[in-house]
file my_file30.txt (compact mmCIF, C-alpha atoms)
# COMPACT_ATOMS: atom_id res chain seq x y z
CA MET C 30 0.00 0.00 0.00
CA ARG C 31 1.21 3.47 -0.88
CA VAL C 32 0.86 5.85 2.09
CA SER C 33 1.58 9.54 1.53
CA ARG C 34 1.11 12.89 3.20
CA ASP C 35 1.29 16.56 2.24
CA LYS C 36 4.61 18.30 2.55
CA VAL C 37 4.96 20.70 5.49
CA ASP C 38 7.29 23.55 6.41
CA ASN C 39 10.50 23.37 4.37
CA GLU C 40 9.79 20.05 2.65
CA THR C 41 9.80 20.27 -1.14
CA GLU C 42 7.47 17.37 -1.97
CA ASP C 43 4.92 15.02 -0.45
CA TYR C 44 6.27 12.33 1.86
CA VAL C 45 5.63 8.79 0.55
CA CYS C 46 6.04 5.35 2.14
CA ASN C 47 5.09 1.84 1.07
CA TYR C 48 3.75 -0.68 3.56
CA THR C 49 3.07 -4.38 3.43
CA LYS C 50 0.36 -6.36 5.19
CA GLU C 51 2.84 -7.36 7.90
CA GLU C 52 3.47 -3.72 8.73
CA LEU C 53 -0.03 -2.28 8.44
CA PHE C 54 -3.16 -3.89 9.84
CA GLY C 55 -6.26 -2.06 8.76
CA THR C 56 -8.75 0.57 9.75
CA TYR C 57 -8.45 0.61 13.52
CA ASP C 58 -4.71 0.32 14.13
CA PHE C 59 -2.75 1.63 11.17
CA ILE C 60 -2.02 5.00 12.86
CA THR C 61 0.29 3.48 15.48
CA PRO C 62 2.71 1.89 12.97
CA LEU C 63 2.88 5.17 11.11
CA GLN C 64 3.64 7.04 14.34
CA GLN C 65 6.36 4.54 15.25
CA ALA C 66 7.90 4.87 11.80
CA GLY C 67 8.13 8.66 12.14
CA PHE C 68 5.63 9.25 9.34
CA PHE C 69 4.12 12.33 10.99
CA PRO C 70 6.29 15.48 11.30
CA GLN C 71 6.35 17.89 14.21
CA VAL C 72 3.47 20.26 13.51
CA SER C 73 1.06 22.52 15.38
CA LYS C 74 -1.00 20.78 18.06
CA ASP C 75 -4.08 22.38 16.51
CA SER C 76 -3.43 20.74 13.15
CA VAL C 77 -5.71 18.29 11.36
CA TRP C 78 -4.88 15.51 8.90
CA ALA C 79 -7.76 14.59 6.59
CA ILE C 80 -7.34 11.02 5.35
CA SER C 81 -8.45 9.78 1.94
CA TYR C 82 -8.36 6.20 0.63
CA GLU C 83 -8.25 5.81 -3.11
CA GLY C 84 -9.26 9.45 -3.40
CA GLU C 85 -12.37 9.05 -1.21
CA PRO C 86 -12.74 10.75 2.23
CA PHE C 87 -11.83 8.21 4.88
CA GLY C 88 -11.25 9.87 8.26
CA LEU C 89 -9.42 12.40 10.42
CA TYR C 90 -6.25 12.27 12.48
CA LYS C 91 -5.49 15.00 15.01
CA GLN C 92 -2.25 15.40 16.94
CA LYS C 93 -2.92 16.94 20.34
CA GLU C 94 -0.73 17.80 23.31
CA ASN C 95 0.48 14.43 24.70
CA THR C 96 -2.26 12.59 22.82
CA SER C 97 -3.90 12.09 19.44
CA SER C 98 -7.30 11.18 18.05
CA TYR C 99 -8.37 9.20 15.02
CA SER C 100 -11.79 8.67 13.48
CA SER C 101 -12.92 7.07 10.23
CA TRP C 102 -16.12 6.78 8.24
CA LEU C 103 -17.49 5.41 4.96
CA LEU C 104 -15.10 2.45 4.74
CA ASN C 105 -15.08 -0.44 7.20
CA GLN C 106 -11.70 -1.79 6.19
CA ILE C 107 -8.84 -0.80 3.96
CA ASN C 108 -7.20 -3.36 1.70
CA GLU C 109 -3.50 -3.45 2.60
CA GLU C 110 -2.62 -6.10 0.05
CA ALA C 111 -3.98 -4.26 -2.98
CA ASP C 112 -2.12 -1.71 -5.03
CA SER C 113 -3.97 1.05 -3.23
CA SER C 114 -3.18 4.43 -1.75
CA LEU C 115 -3.84 6.26 1.49
CA HIS C 116 -3.16 10.00 1.64
CA PHE C 117 -3.05 12.48 4.55
CA THR C 118 -3.97 16.06 3.64
CA TYR C 119 -2.55 18.64 6.06
CA PHE C 120 -4.44 21.54 7.62
CA SER C 121 -2.36 23.72 9.93
CA SER C 122 -5.31 24.44 12.24
CA GLU C 123 -8.89 23.42 12.91
CA GLU C 124 -10.01 26.80 11.55
CA GLU C 125 -8.19 26.14 8.28
CA ARG C 126 -9.95 22.77 8.01
CA ALA C 127 -13.31 24.41 8.72
CA LYS C 128 -12.60 27.08 6.10
CA TYR C 129 -11.86 24.36 3.56
CA LEU C 130 -15.19 22.63 4.27
CA PHE C 131 -17.07 25.94 4.13
CA GLN C 132 -15.54 26.94 0.82
CA LEU C 133 -15.78 23.43 -0.67
CA HIS C 134 -19.56 23.58 -0.23
CA HIS C 135 -19.81 27.25 -1.30
CA GLY C 136 -20.96 28.40 2.15
CA ASN C 137 -24.10 26.26 1.88
CA LYS C 138 -24.52 24.49 5.21
CA GLN C 139 -27.22 22.22 3.85
CA LYS C 140 -24.59 20.79 1.49
CA ILE C 141 -22.15 20.44 4.41
CA TYR C 142 -24.86 18.52 6.28
CA LEU C 143 -25.85 16.27 3.37
CA ALA C 144 -22.19 15.49 2.68
CA GLY C 145 -21.82 14.26 6.27
CA TYR C 146 -19.46 16.96 7.53
CA LEU C 147 -21.75 19.02 9.77
CA ASP C 148 -20.75 17.35 13.06
CA GLU C 149 -17.09 17.90 12.29
CA TYR C 150 -17.64 21.49 11.16
CA GLN C 151 -19.61 22.39 14.29
CA GLU C 152 -16.92 20.83 16.47
CA TYR C 153 -14.54 23.61 15.38
CA SER C 154 -16.79 26.36 16.90
CA ILE C 155 -16.24 28.96 14.19
CA SER C 156 -17.43 32.44 15.16
CA GLU C 157 -20.10 34.28 13.20
CA GLU C 158 -17.58 37.00 12.34
CA THR C 159 -15.18 34.49 10.80
CA GLU C 160 -17.96 32.80 8.86
CA GLN C 161 -19.11 36.16 7.53
CA HIS C 162 -15.57 36.94 6.37
CA TRP C 163 -15.45 33.64 4.46
CA ARG C 164 -18.92 34.35 3.09
CA ASP C 165 -17.88 37.80 1.85
CA THR C 166 -14.94 36.23 0.02
CA LEU C 167 -17.19 33.70 -1.71
CA ILE C 168 -19.64 36.46 -2.65
CA ALA C 169 -16.82 38.49 -4.18
CA GLU C 170 -15.76 35.41 -6.16
CA LYS C 171 -19.42 34.85 -7.18
CA SER C 172 -19.34 31.30 -5.82
CA TYR C 173 -21.46 31.71 -2.68
CA GLU C 174 -24.69 29.67 -2.56
CA TYR C 175 -27.31 31.24 -0.32
CA PHE C 176 -29.46 28.87 1.69
CA ASP C 177 -32.11 29.58 4.34
CA GLU C 178 -33.32 26.56 6.30
CA THR C 179 -36.45 28.38 7.56
CA GLU C 180 -38.83 27.02 4.94
CA ASN C 181 -37.43 23.52 5.30
CA ILE C 182 -38.05 23.57 9.07
CA LYS C 183 -41.54 25.03 8.66
CA GLU C 184 -42.40 22.18 6.31
CA SER C 185 -41.29 19.61 8.90
CA VAL C 186 -43.24 21.19 11.74
CA ALA C 187 -46.35 21.57 9.57
CA LEU C 188 -46.26 17.88 8.62
CA PHE C 189 -45.85 16.79 12.24
CA LYS C 190 -48.82 18.93 13.28
CA GLN C 191 -50.96 17.67 10.41
CA ILE C 192 -50.32 14.03 11.34
CA MET C 193 -50.94 14.67 15.03
CA GLY C 194 -54.35 16.14 14.18
CA ARG C 195 -55.59 12.61 13.39
CA PRO C 196 -52.79 10.06 13.96
CA GLY C 197 -55.00 7.04 13.32
CA MET C 198 -55.75 8.22 9.80
CA TYR C 199 -52.03 8.05 8.94
CA VAL C 200 -50.80 5.04 10.91
CA GLY C 201 -53.96 3.03 11.55
CA LYS C 202 -53.98 3.41 15.35
CA ASN C 203 -53.91 6.20 17.91
CA ARG C 204 -50.32 5.35 18.83
CA LEU C 205 -47.36 7.70 19.04
CA ASP C 206 -44.76 4.98 18.46
CA LEU C 207 -46.36 4.19 15.10
CA VAL C 208 -46.34 7.91 14.29
CA GLN C 209 -42.62 7.89 15.05
CA ILE C 210 -42.01 5.12 12.50
CA PHE C 211 -43.94 7.10 9.88
CA LEU C 212 -42.01 10.30 10.61
CA ASN C 213 -38.63 8.52 10.77
CA GLY C 214 -39.21 7.17 7.27
CA TRP C 215 -40.15 10.62 5.99
CA SER C 216 -37.12 12.19 7.68
CA MET C 217 -34.67 9.67 6.22
CA HIS C 218 -35.90 10.61 2.76
CA GLN C 219 -36.38 14.37 3.17
CA LYS C 220 -33.37 15.13 5.40
CA PRO C 221 -35.17 17.83 7.43
CA LEU C 222 -33.07 20.53 9.09
CA TRP C 223 -35.18 20.75 12.23
CA HIS C 224 -33.13 19.71 15.28
CA PHE C 225 -36.05 17.68 16.60
CA ASN C 226 -34.02 15.56 19.05
CA TYR C 227 -32.55 18.67 20.67
CA ASP C 228 -35.92 20.40 20.98
CA LEU C 229 -37.90 17.47 22.39
CA LYS C 230 -35.23 16.59 24.97
CA ARG C 231 -35.04 20.20 26.11
CA TRP C 232 -38.84 20.49 26.28
CA LEU C 233 -39.13 17.34 28.43
CA PHE C 234 -36.39 18.71 30.67
CA LEU C 235 -38.10 22.06 31.20
CA THR C 236 -41.67 20.74 31.51
CA GLU C 237 -41.04 17.53 33.47
CA SER C 238 -37.52 17.99 34.86
CA ALA C 239 -36.75 14.60 33.33
CA VAL C 240 -33.67 13.59 31.38
CA GLY C 241 -32.54 10.36 29.73
CA ALA C 242 -29.19 8.69 29.43
CA SER C 243 -26.85 10.40 26.95
CA THR C 244 -27.44 7.61 24.42
CA LEU C 245 -31.23 7.69 24.69
CA GLY C 246 -33.22 9.33 21.90
CA ALA C 247 -35.91 11.91 22.58
CA TRP C 248 -38.74 9.63 21.43
CA ASN C 249 -37.77 6.94 23.95
CA SER C 250 -37.51 9.50 26.74
CA LEU C 251 -41.06 10.62 25.96
CA TYR C 252 -42.30 7.02 26.00
CA GLU C 253 -40.74 6.41 29.43
CA ILE C 254 -42.60 9.41 30.80
CA TYR C 255 -45.96 9.32 29.01
CA GLY C 256 -46.26 5.97 27.22
CA THR C 257 -47.44 5.72 23.63
CA THR C 258 -51.23 6.23 23.66
CA GLU C 259 -53.65 9.03 24.61
CA LEU C 260 -51.51 10.85 27.19
CA ALA C 261 -48.40 10.69 25.02
CA ILE C 262 -50.29 11.97 21.98
CA GLU C 263 -51.75 14.91 23.89
CA LYS C 264 -48.34 15.80 25.35
CA PHE C 265 -46.69 15.60 21.94
CA ARG C 266 -49.33 17.94 20.56
CA GLU C 267 -48.52 20.28 23.43
CA PHE C 268 -44.84 20.13 22.50
CA LEU C 269 -45.63 21.04 18.90
CA ARG C 270 -47.77 24.00 20.04
CA GLU C 271 -45.26 25.38 22.52
CA ASN C 272 -41.88 24.67 20.98
CA GLU C 273 -39.98 27.17 18.86
CA PRO C 274 -38.12 24.88 16.40
CA THR C 275 -34.34 24.88 16.39
CA SER C 276 -32.13 24.45 13.33
CA ILE C 277 -29.51 21.68 13.27
CA PHE C 278 -27.06 24.43 12.35
CA GLU C 279 -27.57 26.13 15.75
CA ASN C 280 -26.55 23.20 17.96
CA GLY C 281 -24.45 20.13 17.30
CA ARG C 282 -26.10 16.75 17.18
CA TRP C 283 -24.52 15.85 20.54
CA GLU C 284 -25.32 19.18 22.22
CA THR C 285 -28.55 18.12 23.93
CA VAL C 286 -29.35 18.42 27.62
CA ASN C 287 -28.44 14.74 28.04
CA GLU C 288 -24.88 15.42 26.91
CA HIS C 289 -24.63 18.60 28.98
CA ILE C 290 -25.35 16.63 32.15
CA ALA C 291 -23.14 13.72 31.13
CA SER C 292 -20.20 16.09 30.50
CA ILE C 293 -20.46 17.41 34.07
CA GLU C 294 -20.73 13.91 35.49
CA ALA C 295 -17.44 13.03 33.77
CA PHE C 296 -15.60 15.51 35.99
CA THR C 297 -16.26 13.64 39.22
CA SER C 298 -12.76 12.17 39.22
CA LYS C 299 -11.18 15.63 39.45
CA LYS C 300 -10.44 17.06 42.87
CA SER C 301 -11.31 20.61 41.89
CA VAL C 302 -14.42 21.73 40.08
CA GLU C 303 -13.78 23.62 36.88
CA ALA C 304 -15.01 27.20 36.77
CA SER C 305 -16.67 26.59 33.40
CA TYR C 306 -19.53 24.83 35.21
CA PRO C 307 -21.45 27.48 37.18
CA TYR C 308 -23.18 26.48 40.41
CA LEU C 309 -21.18 23.27 40.67
CA ASP C 310 -19.77 23.15 44.20
CA SER C 311 -16.77 21.34 45.61
CA SER C 312 -19.15 18.79 47.13
CA PHE C 313 -19.53 17.31 43.66
CA ASP C 314 -17.37 14.35 44.61
CA GLU C 315 -18.11 10.66 44.18
CA THR C 316 -16.55 9.98 47.58
CA ALA C 317 -19.10 12.18 49.38
CA SER C 318 -21.67 10.42 51.52
CA ASN C 319 -25.34 10.19 50.58
CA GLU C 320 -26.13 12.55 53.47
CA VAL C 321 -23.81 15.20 52.04
CA MET C 322 -25.30 14.74 48.59
CA HIS C 323 -28.88 15.11 49.88
CA VAL C 324 -27.97 18.36 51.64
CA GLU C 325 -26.33 19.62 48.45
CA ILE C 326 -29.46 18.84 46.42
CA ILE C 327 -31.49 21.08 48.75
CA HIS C 328 -28.80 23.74 48.44
CA GLN C 329 -28.98 23.61 44.64
CA ILE C 330 -32.79 23.84 44.73
CA LYS C 331 -32.59 26.94 46.92
CA ARG C 332 -30.38 28.50 44.25
CA ILE C 333 -33.10 27.90 41.69
CA ILE C 334 -35.86 29.34 43.94
CA GLU C 335 -33.77 32.47 44.68
CA GLU C 336 -36.11 33.53 47.53
CA PRO C 337 -36.44 32.45 51.18
CA CYS C 338 -38.88 29.59 51.73
CA VAL C 339 -40.07 27.70 54.81
CA ARG C 340 -40.16 24.18 53.38
CA ILE C 341 -39.18 22.14 50.34
CA LYS C 342 -40.24 18.70 49.21
CA VAL C 343 -38.42 16.75 46.49
CA PHE C 344 -39.30 13.74 44.34
CA ILE C 345 -36.32 11.85 42.86
CA HIS C 346 -36.80 8.85 40.59
CA THR C 347 -33.66 6.99 39.46
CA GLY C 348 -32.73 3.55 38.23
CA ARG C 349 -34.23 3.73 34.75
CA ALA C 350 -33.17 5.09 31.38
CA VAL C 351 -34.87 8.39 32.29
CA GLN C 352 -34.40 10.06 35.67
CA GLN C 353 -36.78 12.65 37.08
CA LEU C 354 -36.53 15.24 39.82
CA ARG C 355 -39.50 17.38 40.78
CA PHE C 356 -39.58 19.78 43.70
CA PHE C 357 -42.16 21.94 45.45
CA PHE C 358 -41.50 24.88 47.75
CA ASP C 359 -43.50 26.97 50.20
CA LYS C 360 -42.70 30.65 50.82
CA GLY C 361 -45.47 30.87 53.40
CA GLN C 362 -48.57 30.81 51.20
CA GLY C 363 -48.66 27.12 50.30
CA TRP C 364 -46.92 24.76 47.90
CA GLU C 365 -45.63 26.01 44.55
CA ASP C 366 -44.35 23.81 41.73
CA GLY C 367 -40.66 24.31 40.93
CA LEU C 368 -41.49 24.13 37.22
CA SER C 369 -43.19 27.51 37.59
CA LEU C 370 -39.68 29.00 37.78
CA ASN C 371 -38.54 27.75 34.38
CA HIS C 372 -38.82 31.27 32.95
CA LEU C 373 -36.10 32.63 35.25
CA PRO C 374 -32.66 33.53 33.85
CA GLU C 375 -30.16 30.65 34.16
CA TYR C 376 -32.91 28.24 35.26
CA TYR C 377 -31.78 25.77 32.63
CA GLU C 378 -28.11 25.95 33.69
CA LYS C 379 -28.99 25.52 37.37
CA LEU C 380 -31.28 22.58 36.65
CA VAL C 381 -28.56 20.91 34.57
CA VAL C 382 -26.20 21.10 37.54
CA LEU C 383 -28.92 19.83 39.90
CA HIS C 384 -29.50 16.79 37.69
CA SER C 385 -25.77 16.12 37.54
CA TYR C 386 -25.88 15.62 41.33
CA ILE C 387 -28.71 13.14 40.84
CA LYS C 388 -26.61 11.26 38.28
CA LEU C 389 -23.76 11.13 40.77
CA LEU C 390 -26.08 9.97 43.54
CA LYS C 391 -27.39 7.24 41.24
CA ARG C 392 -23.84 6.09 40.52
CA LYS C 393 -23.09 5.87 44.23
CA SER C 394 -26.32 3.97 44.97
CA PRO C 395 -27.23 1.93 41.88
CA GLY C 396 -30.67 0.45 41.56
CA ALA C 397 -34.16 1.78 41.03
CA VAL C 398 -35.16 4.06 43.91
CA ILE C 399 -37.79 6.73 44.56
CA VAL C 400 -36.39 9.20 47.09
CA THR C 401 -38.40 11.81 48.96
CA LEU C 402 -36.54 14.73 50.54
CA LYS C 403 -38.44 16.85 53.06
CA TRP C 404 -36.74 20.05 54.24
CA GLN C 405 -38.45 22.06 56.98
CA ASN C 406 -37.29 24.06 60.02
CA GLN C 407 -33.70 23.69 58.79
CA GLN C 408 -34.04 19.92 59.14
CA LEU C 409 -33.83 17.35 56.34
CA GLN C 410 -35.70 14.05 56.30
CA VAL C 411 -35.01 11.37 53.69
CA ARG C 412 -37.20 8.46 52.71
CA SER C 413 -36.20 5.90 50.07
CA GLU C 414 -38.46 3.37 48.39
CA VAL C 415 -36.88 0.59 46.38
CA TYR C 416 -38.60 0.36 43.02
CA GLN C 417 -38.73 -2.72 40.84
CA ALA C 418 -37.88 -1.28 37.43
CA PRO C 419 -39.62 -3.01 34.54
CA GLU C 420 -37.63 -4.64 31.80
CA PHE C 421 -37.76 -3.05 28.37
CA GLN C 422 -41.46 -2.38 28.03
CA PHE C 423 -41.99 -0.84 24.62
CA PHE C 424 -43.22 -3.26 21.99
CA TYR C 425 -45.10 -2.22 18.90
CA GLU C 426 -47.73 -4.87 19.55
CA GLN C 427 -48.49 -3.63 23.05
CA PRO C 428 -48.31 -0.22 24.79
CA PRO C 429 -46.51 -0.01 28.18
CA GLU C 430 -48.48 -0.45 31.36
CA GLU C 431 -49.61 2.81 32.91
CA LYS C 432 -48.29 1.91 36.37
CA PHE C 433 -44.72 1.88 35.00
CA LEU C 434 -44.85 5.36 33.45
CA LEU C 435 -42.85 8.09 35.16
CA SER C 436 -45.78 10.50 34.87
CA HIS C 437 -48.07 8.02 36.66
CA GLN C 438 -45.59 7.40 39.47
CA PHE C 439 -44.98 11.10 39.98
CA GLU C 440 -48.71 11.89 40.11
CA ALA C 441 -49.21 9.18 42.74
CA TRP C 442 -46.39 10.71 44.80
CA LYS C 443 -47.78 14.23 44.36
CA GLN C 444 -51.26 13.23 45.50
CA ARG C 445 -49.80 11.65 48.61
CA GLU C 446 -47.15 14.24 49.50
CA ILE C 447 -48.45 17.58 48.17
CA ASP C 448 -52.18 17.43 47.45
CA ALA C 449 -53.24 15.45 50.54
call {"tool": "encode", "arguments": {"input": "my_file30.txt", "output": "structure tokens"}}
result
Amino acid sequence: MRVSRDKVDNETEDYVCNYTKEELFGTYDFITPLQQAGFFPQVSKDSVWAISYEGEPFGLYKQKENTSSYSSWLLNQINEEADSSLHFTYFSSEEERAKYLFQLHHGNKQKIYLAGYLDEYQEYSISEETEQHWRDTLIAEKSYEYFDETENIKESVALFKQIMGRPGMYVGKNRLDLVQIFLNGWSMHQKPLWHFNYDLKRWLFLTESAVGASTLGAWNSLYEIYGTTELAIEKFREFLRENEPTSIFENGRWETVNEHIASIEAFTSKKSVEASYPYLDSSFDETASNEVMHVEIIHQIKRIIEEPCVRIKVFIHTGRAVQQLRFFFDKGQGWEDGLSLNHLPEYYEKLVVLHSYIKLLKRKSPGAVIVTLKWQNQQLQVRSEVYQAPEFQFFYEQPPEEKFLLSHQFEAWKQREIDA
């Protein structure tokens, strides 16, 4: 196999090597032999190598400080025995690589998305000012392609609303999971630019204070909370009425609330809390006792309330793919729902941090548990109920049982603890 790379610095021509099967072993481990052979020169730690196999895009290799990263796509395995070629194209910085992608697709982000480069492009966090400068250059060269995703997103939302007017007419039954199958098929064909997964996850977070595992899709989170029949359909209609749709160009595919919480949870091994996470206290430590964690949860809730109160009661449900935390507070005139505060500035950021404590508490005490925290007269009482979590309960032949839904379990708790 012929392996080559772009020339850098004072080199006069591309660097070329030939490897045999004994020296190079395929997609997942060919970088190491190249490193050991001194194939890669000393370059900027912000540099990017774009890899092509037989002229087709293959992957990326990035040399970082004391580490490196490699990713590939399109091809599952390279053929080392064939008379083939692998080439590394050099970009001196991530911004230079982003500029190349922007110009290659004439500034049209829909083309960047359809070509499969949007996740990579968004990873480079290019400022609006820089993008505008690139855009002005393309306009001057008369090669810029204007594209506005607004109409595309409106079409998606309009279709969703039309189907939800009478779901049974489209899918045969009044079932949200069947609607999902219909819409997934349409989306695979039409490539809509509405960041549906981002919007639905955020809506569930702000209206139910519920969040799924980082790998869980928004549809499945909704099913865990509301099921797939009448309640789920009504709630999904509510989402469509209330939500202001977000473009996939505004937030990366992995920039949902699930990932925000998971990224904080990953810092538990550090002794100090990074300043980039507001409201995260030094008590965010996996070695802390449950008692310390419960006190910290009340402290975080007080931050959200922002006003003195005489009592707080908290519902925490863990042990399933979706966790939920709901709290009520009393400032002296009776119970108020914590969700009534979701309009306050930084409510979202504070709730993200609060849920990261719940994730940490769940890691310390695995298993399905419903925890009630009662804070009154500066005293904290804790009651835990072990919950037998159901096995995977969503089958297209049969809706989930109501008693297993998060919404049902929360309402039962609320009637007993708040409404009684």
call {"tool": "atom_distance", "arguments": {"input": "my_file30.txt", "atom1": "atom CA of C:Thr285", "atom2": "atom CA of C:Lys230"}}
result
6.9 Å
call {"tool": "atom_distance", "arguments": {"input": "my_file30.txt", "atom1": "atom CA of C:His346", "atom2": "atom CA of C:Ala397"}}
result
7.6 Å
call {"tool": "residues_around", "arguments": {"input": "my_file30.txt", "residues": "stretch 140-154 of chain C", "least_positions_apart": "5", "cutoff": "12 Å", "atoms": "all atoms listed in the file", "output": "PDB file with C-alpha atoms, in the frame of the given file"}}
result
ATOM      1  CA  ASP C  75      -4.080  22.380  16.510  1.00  0.00           C
ATOM      2  CA  SER C  76      -3.430  20.740  13.150  1.00  0.00           C
ATOM      3  CA  VAL C  77      -5.710  18.290  11.360  1.00  0.00           C
ATOM      4  CA  ALA C  79      -7.760  14.590   6.590  1.00  0.00           C
ATOM      5  CA  PRO C  86     -12.740  10.750   2.230  1.00  0.00           C
ATOM      6  CA  PHE C  87     -11.830   8.210   4.880  1.00  0.00           C
ATOM      7  CA  GLY C  88     -11.250   9.870   8.260  1.00  0.00           C
ATOM      8  CA  LEU C  89      -9.420  12.400  10.420  1.00  0.00           C
ATOM      9  CA  SER C 100     -11.790   8.670  13.480  1.00  0.00           C
ATOM     10  CA  SER C 101     -12.920   7.070  10.230  1.00  0.00           C
ATOM     11  CA  TRP C 102     -16.120   6.780   8.240  1.00  0.00           C
ATOM     12  CA  LEU C 103     -17.490   5.410   4.960  1.00  0.00           C
ATOM     13  CA  SER C 122      -5.310  24.440  12.240  1.00  0.00           C
ATOM     14  CA  GLU C 123      -8.890  23.420  12.910  1.00  0.00           C
ATOM     15  CA  GLU C 124     -10.010  26.800  11.550  1.00  0.00           C
ATOM     16  CA  GLU C 125      -8.190  26.140   8.280  1.00  0.00           C
ATOM     17  CA  ARG C 126      -9.950  22.770   8.010  1.00  0.00           C
ATOM     18  CA  ALA C 127     -13.310  24.410   8.720  1.00  0.00           C
ATOM     19  CA  LYS C 128     -12.600  27.080   6.100  1.00  0.00           C
ATOM     20  CA  TYR C 129     -11.860  24.360   3.560  1.00  0.00           C
ATOM     21  CA  LEU C 130     -15.190  22.630   4.270  1.00  0.00           C
ATOM     22  CA  PHE C 131     -17.070  25.940   4.130  1.00  0.00           C
ATOM     23  CA  GLN C 132     -15.540  26.940   0.820  1.00  0.00           C
ATOM     24  CA  LEU C 133     -15.780  23.430  -0.670  1.00  0.00           C
ATOM     25  CA  HIS C 134     -19.560  23.580  -0.230  1.00  0.00           C
ATOM     26  CA  HIS C 135     -19.810  27.250  -1.300  1.00  0.00           C
ATOM     27  CA  THR C 159     -15.180  34.490  10.800  1.00  0.00           C
ATOM     28  CA  GLU C 160     -17.960  32.800   8.860  1.00  0.00           C
ATOM     29  CA  GLU C 174     -24.690  29.670  -2.560  1.00  0.00           C
ATOM     30  CA  TYR C 175     -27.310  31.240  -0.320  1.00  0.00           C
ATOM     31  CA  PHE C 176     -29.460  28.870   1.690  1.00  0.00           C
ATOM     32  CA  ASP C 177     -32.110  29.580   4.340  1.00  0.00           C
ATOM     33  CA  GLU C 178     -33.320  26.560   6.300  1.00  0.00           C
ATOM     34  CA  MET C 217     -34.670   9.670   6.220  1.00  0.00           C
ATOM     35  CA  HIS C 218     -35.900  10.610   2.760  1.00  0.00           C
ATOM     36  CA  GLN C 219     -36.380  14.370   3.170  1.00  0.00           C
ATOM     37  CA  LYS C 220     -33.370  15.130   5.400  1.00  0.00           C
ATOM     38  CA  PRO C 221     -35.170  17.830   7.430  1.00  0.00           C
ATOM     39  CA  LEU C 222     -33.070  20.530   9.090  1.00  0.00           C
ATOM     40  CA  SER C 276     -32.130  24.450  13.330  1.00  0.00           C
ATOM     41  CA  ILE C 277     -29.510  21.680  13.270  1.00  0.00           C
ATOM     42  CA  PHE C 278     -27.060  24.430  12.350  1.00  0.00           C
ATOM     43  CA  GLU C 279     -27.570  26.130  15.750  1.00  0.00           C
ATOM     44  CA  ASN C 280     -26.550  23.200  17.960  1.00  0.00           C
ATOM     45  CA  GLY C 281     -24.450  20.130  17.300  1.00  0.00           C
ATOM     46  CA  ARG C 282     -26.100  16.750  17.180  1.00  0.00           C
ATOM     47  CA  TRP C 283     -24.520  15.850  20.540  1.00  0.00           C
ATOM     48  CA  GLU C 284     -25.320  19.180  22.220  1.00  0.00           C
TER      49      GLU C 284
END
call {"tool": "atom_distance", "arguments": {"input": "my_file30.txt", "atom1": "atom CA of C:Glu253", "atom2": "atom CA of C:Ile334"}}
result
27.6 Å
call {"tool": "closest_residue", "arguments": {"input": "my_file30.txt", "among": "C:Gly194, C:Gly201, C:Asn272, C:His323", "to": "C:Trp232", "atoms": "all atoms listed in the file"}}
result
C:Asn272
call {"tool": "decode", "arguments": {"input": "my_file30.txt", "residues": "stretch 380-387 of chain C", "atoms": "N, CA, C and O atoms", "output": "PDB file, in the first residue's frame"}}
result
ATOM      1  N   LEU C 380     -30.634  23.884  36.622  1.00  0.00           N
ATOM      2  CA  LEU C 380     -31.283  22.576  36.645  1.00  0.00           C
ATOM      3  C   LEU C 380     -30.357  21.497  36.087  1.00  0.00           C
ATOM      4  O   LEU C 380     -30.378  20.352  36.542  1.00  0.00           O
ATOM      5  N   VAL C 381     -29.549  21.849  35.095  1.00  0.00           N
ATOM      6  CA  VAL C 381     -28.560  20.908  34.571  1.00  0.00           C
ATOM      7  C   VAL C 381     -27.600  20.471  35.672  1.00  0.00           C
ATOM      8  O   VAL C 381     -27.315  19.285  35.843  1.00  0.00           O
ATOM      9  N   VAL C 382     -27.108  21.431  36.440  1.00  0.00           N
ATOM     10  CA  VAL C 382     -26.203  21.101  37.540  1.00  0.00           C
ATOM     11  C   VAL C 382     -26.909  20.260  38.592  1.00  0.00           C
ATOM     12  O   VAL C 382     -26.355  19.284  39.115  1.00  0.00           O
ATOM     13  N   LEU C 383     -28.156  20.597  38.916  1.00  0.00           N
ATOM     14  CA  LEU C 383     -28.917  19.826  39.898  1.00  0.00           C
ATOM     15  C   LEU C 383     -29.046  18.369  39.452  1.00  0.00           C
ATOM     16  O   LEU C 383     -28.848  17.439  40.247  1.00  0.00           O
ATOM     17  N   HIS C 384     -29.364  18.159  38.196  1.00  0.00           N
ATOM     18  CA  HIS C 384     -29.505  16.787  37.692  1.00  0.00           C
ATOM     19  C   HIS C 384     -28.172  16.051  37.656  1.00  0.00           C
ATOM     20  O   HIS C 384     -28.138  14.817  37.757  1.00  0.00           O
ATOM     21  N   SER C 385     -27.070  16.793  37.509  1.00  0.00           N
ATOM     22  CA  SER C 385     -25.771  16.119  37.540  1.00  0.00           C
ATOM     23  C   SER C 385     -25.498  15.534  38.929  1.00  0.00           C
ATOM     24  O   SER C 385     -24.860  14.483  39.054  1.00  0.00           O
ATOM     25  N   TYR C 386     -25.989  16.187  39.977  1.00  0.00           N
ATOM     26  CA  TYR C 386     -25.877  15.623  41.329  1.00  0.00           C
ATOM     27  C   TYR C 386     -26.712  14.350  41.456  1.00  0.00           C
ATOM     28  O   TYR C 386     -26.312  13.396  42.122  1.00  0.00           O
ATOM     29  N   ILE C 387     -27.880  14.338  40.800  1.00  0.00           N
ATOM     30  CA  ILE C 387     -28.714  13.142  40.843  1.00  0.00           C
ATOM     31  C   ILE C 387     -28.015  11.992  40.113  1.00  0.00           C
ATOM     32  O   ILE C 387     -28.042  10.840  40.576  1.00  0.00           O
TER      33      ILE C 387
END
